[in-house]
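Scroll down for the structure; my scribbles are underneath it.
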Amino acid sequence: MGGTCAVFCPSGALNVTVEGEEEPPVVTFEAIPTLNKTITVDVSGCNIDCEIACQESCPVDAIEVKTVTEDGETRITDVVVDTAKCIYCKRCVTACPYTLIEVERPFDGVTEIDVSKCPEGCMVCVDACPSEALKIGEDGKPVLEEDYCIYCSTCEKVCPEDAIVVKRTSVACSDVKSGAWFAALEKLTSPEVLSRELGIDASRHRKEIVRDRYT
């Protein structure tokens with residue numbers, strides 16, 4: 001079974017198709033969970049005064065704001081999100097002046113940058129960041145806007161001086177427990193996160209045994 005890479009790629013850069021179906025076999029056979037990633041827009045509250053901020057702020061062109069002009073007045077009729085492109089970076093959430101957008105992203109974590117290692121003039125990490133969470137500061141060193149980081153590790157992989165470390169601390173996903181998933185979870189996060197997850201499972205299993213015994 002394959003397709004694990006496509007399921008967990010934070011930037012959506014990979015896709016697996018089997019006999020015309022885009023759902024990877026690892027998901028079909030419940031060897032690997034699906035990620036919890038959602039974006040909702042309350043279009044009923046949209047106002048053209050926003051200057052289609054959500055569309056303009058999207059770094060991957062995943063949002064299209066549809067409008068109509070009647071009697072000289074333009075109004076927003078719909079906001080269409082291409083979930084195949086969306087990387088759930090939450091830029092649209094911040095950009096919307098009417099707080100009409102909610103995003104749940106699958107990964108949480110920490111990105112650490114040792115700017116003392118950064119070569120002068122280097123912008124490799126900034127250029128590679130899919131969510132544009134990295135910028136060059138006034139001192140010429142990279143600055144991270146953590147709110148927009150999707151913990152894809154692209155910056156860590158391209159950094160020529162190993163100055164960046166990305167740590168995923170949690171993965172929001174469906175409830176699937178399998179050897180394949182636990183092996184993937186350890187690679188995605190860390191042995192510590194895997195141990196925590198296994199500890200939670202063991203505690204839940206004990207509670208279920210006690211409940212079944214006395215009910």
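Letters for chains follow the order of the structure tokens (A, B, ...), residue numbers begin at 1 for each chain, and ligand numbers begin at 1 in the order shown.
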
I need the alpha helix (DSSP H) residues of segment 92-198 of chain A per DSSP on the backbone, written as a PyMOL selection string. chain A and resi 92-95+124-128+154-158+179-188+191-198

Kindly export the residues of the current selection with N, CA and C atoms, as a JSON list (two decimals), in the first residue's frame.
[["chain", "number", "residue", "atom", "x", "y", "z"],
["A", 92, "CYS", "N", -5.55, 33.93, 5.17],
["A", 92, "CYS", "CA", -6.87, 34.50, 4.86],
["A", 92, "CYS", "C", -7.63, 34.86, 6.13],
["A", 93, "VAL", "N", -7.42, 34.08, 7.19],
["A", 93, "VAL", "CA", -8.09, 34.34, 8.47],
["A", 93, "VAL", "C", -7.70, 35.72, 8.99],
["A", 94, "THR", "N", -6.41, 35.99, 8.94],
["A", 94, "THR", "CA", -5.90, 37.28, 9.41],
["A", 94, "THR", "C", -6.32, 38.43, 8.48],
["A", 95, "ALA", "N", -6.34, 38.14, 7.18],
["A", 95, "ALA", "CA", -6.63, 39.17, 6.20],
["A", 95, "ALA", "C", -8.08, 39.63, 6.22],
["A", 124, "VAL", "N", 17.50, 31.56, 0.70],
["A", 124, "VAL", "CA", 17.00, 30.28, 0.23],
["A", 124, "VAL", "C", 15.73, 29.86, 0.96],
["A", 125, "CYS", "N", 15.71, 29.99, 2.28],
["A", 125, "CYS", "CA", 14.55, 29.57, 3.06],
["A", 125, "CYS", "C", 13.33, 30.44, 2.75],
["A", 126, "VAL", "N", 13.58, 31.74, 2.60],
["A", 126, "VAL", "CA", 12.49, 32.68, 2.31],
["A", 126, "VAL", "C", 11.87, 32.37, 0.96],
["A", 127, "ASP", "N", 12.71, 32.12, -0.03],
["A", 127, "ASP", "CA", 12.22, 31.82, -1.38],
["A", 127, "ASP", "C", 11.46, 30.50, -1.43],
["A", 128, "ALA", "N", 11.84, 29.55, -0.58],
["A", 128, "ALA", "CA", 11.24, 28.21, -0.63],
["A", 128, "ALA", "C", 9.96, 28.10, 0.19],
["A", 154, "THR", "N", 10.23, 22.55, 4.71],
["A", 154, "THR", "CA", 10.93, 22.93, 3.48],
["A", 154, "THR", "C", 12.15, 23.79, 3.78],
["A", 155, "CYS", "N", 11.98, 24.77, 4.67],
["A", 155, "CYS", "CA", 13.09, 25.65, 5.01],
["A", 155, "CYS", "C", 14.25, 24.89, 5.63],
["A", 156, "GLU", "N", 13.92, 23.93, 6.48],
["A", 156, "GLU", "CA", 14.95, 23.11, 7.12],
["A", 156, "GLU", "C", 15.74, 22.31, 6.09],
["A", 157, "LYS", "N", 15.03, 21.78, 5.09],
["A", 157, "LYS", "CA", 15.67, 20.92, 4.08],
["A", 157, "LYS", "C", 16.57, 21.72, 3.15],
["A", 158, "VAL", "N", 16.17, 22.96, 2.82],
["A", 158, "VAL", "CA", 16.95, 23.72, 1.83],
["A", 158, "VAL", "C", 18.06, 24.55, 2.45],
["A", 179, "GLY", "N", 0.10, -0.18, 13.07],
["A", 179, "GLY", "CA", 1.56, -0.14, 13.11],
["A", 179, "GLY", "C", 2.11, 0.83, 12.09],
["A", 180, "ALA", "N", 1.49, 0.87, 10.91],
["A", 180, "ALA", "CA", 1.95, 1.78, 9.86],
["A", 180, "ALA", "C", 1.80, 3.24, 10.29],
["A", 181, "TRP", "N", 0.68, 3.53, 10.98],
["A", 181, "TRP", "CA", 0.44, 4.90, 11.43],
["A", 181, "TRP", "C", 1.43, 5.30, 12.51],
["A", 182, "PHE", "N", 1.69, 4.42, 13.46],
["A", 182, "PHE", "CA", 2.63, 4.77, 14.53],
["A", 182, "PHE", "C", 4.04, 4.95, 13.98],
["A", 183, "ALA", "N", 4.42, 4.16, 12.97],
["A", 183, "ALA", "CA", 5.73, 4.34, 12.35],
["A", 183, "ALA", "C", 5.79, 5.69, 11.63],
["A", 184, "ALA", "N", 4.70, 6.05, 10.95],
["A", 184, "ALA", "CA", 4.66, 7.34, 10.26],
["A", 184, "ALA", "C", 4.65, 8.50, 11.24],
["A", 185, "LEU", "N", 3.91, 8.34, 12.35],
["A", 185, "LEU", "CA", 3.82, 9.40, 13.36],
["A", 185, "LEU", "C", 5.19, 9.71, 13.95],
["A", 186, "GLU", "N", 5.98, 8.68, 14.20],
["A", 186, "GLU", "CA", 7.31, 8.91, 14.76],
["A", 186, "GLU", "C", 8.18, 9.69, 13.78],
["A", 187, "LYS", "N", 8.06, 9.38, 12.48],
["A", 187, "LYS", "CA", 8.84, 10.11, 11.48],
["A", 187, "LYS", "C", 8.34, 11.54, 11.32],
["A", 188, "LEU", "N", 7.05, 11.72, 11.41],
["A", 188, "LEU", "CA", 6.46, 13.04, 11.25],
["A", 188, "LEU", "C", 6.77, 13.95, 12.43],
["A", 191, "PRO", "N", 9.98, 10.59, 18.68],
["A", 191, "PRO", "CA", 9.68, 9.46, 19.57],
["A", 191, "PRO", "C", 8.89, 9.89, 20.80],
["A", 192, "GLU", "N", 9.10, 11.13, 21.26],
["A", 192, "GLU", "CA", 8.38, 11.62, 22.44],
["A", 192, "GLU", "C", 6.89, 11.75, 22.16],
["A", 193, "VAL", "N", 6.56, 12.28, 20.99],
["A", 193, "VAL", "CA", 5.15, 12.43, 20.62],
["A", 193, "VAL", "C", 4.51, 11.06, 20.44],
["A", 194, "LEU", "N", 5.24, 10.14, 19.84],
["A", 194, "LEU", "CA", 4.72, 8.77, 19.68],
["A", 194, "LEU", "C", 4.46, 8.13, 21.03],
["A", 195, "SER", "N", 5.37, 8.28, 21.97],
["A", 195, "SER", "CA", 5.20, 7.72, 23.31],
["A", 195, "SER", "C", 3.98, 8.31, 23.99],
["A", 196, "ARG", "N", 3.78, 9.61, 23.81],
["A", 196, "ARG", "CA", 2.62, 10.28, 24.39],
["A", 196, "ARG", "C", 1.33, 9.71, 23.80],
["A", 197, "GLU", "N", 1.32, 9.52, 22.50],
["A", 197, "GLU", "CA", 0.14, 8.99, 21.83],
["A", 197, "GLU", "C", -0.14, 7.56, 22.28],
["A", 198, "LEU", "N", 0.89, 6.76, 22.39],
["A", 198, "LEU", "CA", 0.72, 5.39, 22.85],
["A", 198, "LEU", "C", 0.24, 5.35, 24.29]]

Separation of atom CA of Leu100 of chain A and atom CA of Val43 of chain A, in Å? 7.4 Å

With distances taken over only C-alpha atoms, which residue among A:Ile48, A:Cys9, A:Leu134, A:Val41 lies nearest Val68 of chain A? A:Ile48

Which is closer to Ser44 of chain A than all the others in A:Thr83, A:Ser57, A:Thr67, A:Thr77, using only C-alpha atoms? A:Thr77

Measure the distance from atom CA of Gly109 of chain A to atom CA of Val176 of chain A in Å and round it to one decimal.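 Separation of atom CA of Gly109 of chain A and atom CA of Val176 of chain A: 21.2 Å.
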
Just want the 9 Å neighbourhood of Glu146 of chain A, counted on only C-alpha atoms, with same-chain residues fewer than 6 positions away dropped. Output as a list in words.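 The filter keeps Val110, Thr111, Ala133 and Leu134 of chain A.
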
Can you write just those residues out, N, CA and C atoms, as a PDB file, in the first residue's frame?
ATOM      1  N   VAL A 110       6.938  23.787  16.327  1.00  0.00           N
ATOM      2  CA  VAL A 110       7.855  24.893  16.618  1.00  0.00           C
ATOM      3  C   VAL A 110       8.920  24.920  15.525  1.00  0.00           C
ATOM      4  N   THR A 111       9.220  26.116  15.035  1.00  0.00           N
ATOM      5  CA  THR A 111      10.306  26.286  14.073  1.00  0.00           C
ATOM      6  C   THR A 111      11.376  27.172  14.692  1.00  0.00           C
ATOM      7  N   ALA A 133       5.793  32.515   5.246  1.00  0.00           N
ATOM      8  CA  ALA A 133       5.923  32.813   6.671  1.00  0.00           C
ATOM      9  C   ALA A 133       7.303  33.353   7.022  1.00  0.00           C
ATOM     10  N   LEU A 134       8.239  33.193   6.120  1.00  0.00           N
ATOM     11  CA  LEU A 134       9.597  33.690   6.340  1.00  0.00           C
ATOM     12  C   LEU A 134       9.840  34.955   5.533  1.00  0.00           C
TER      13      LEU A 134
END
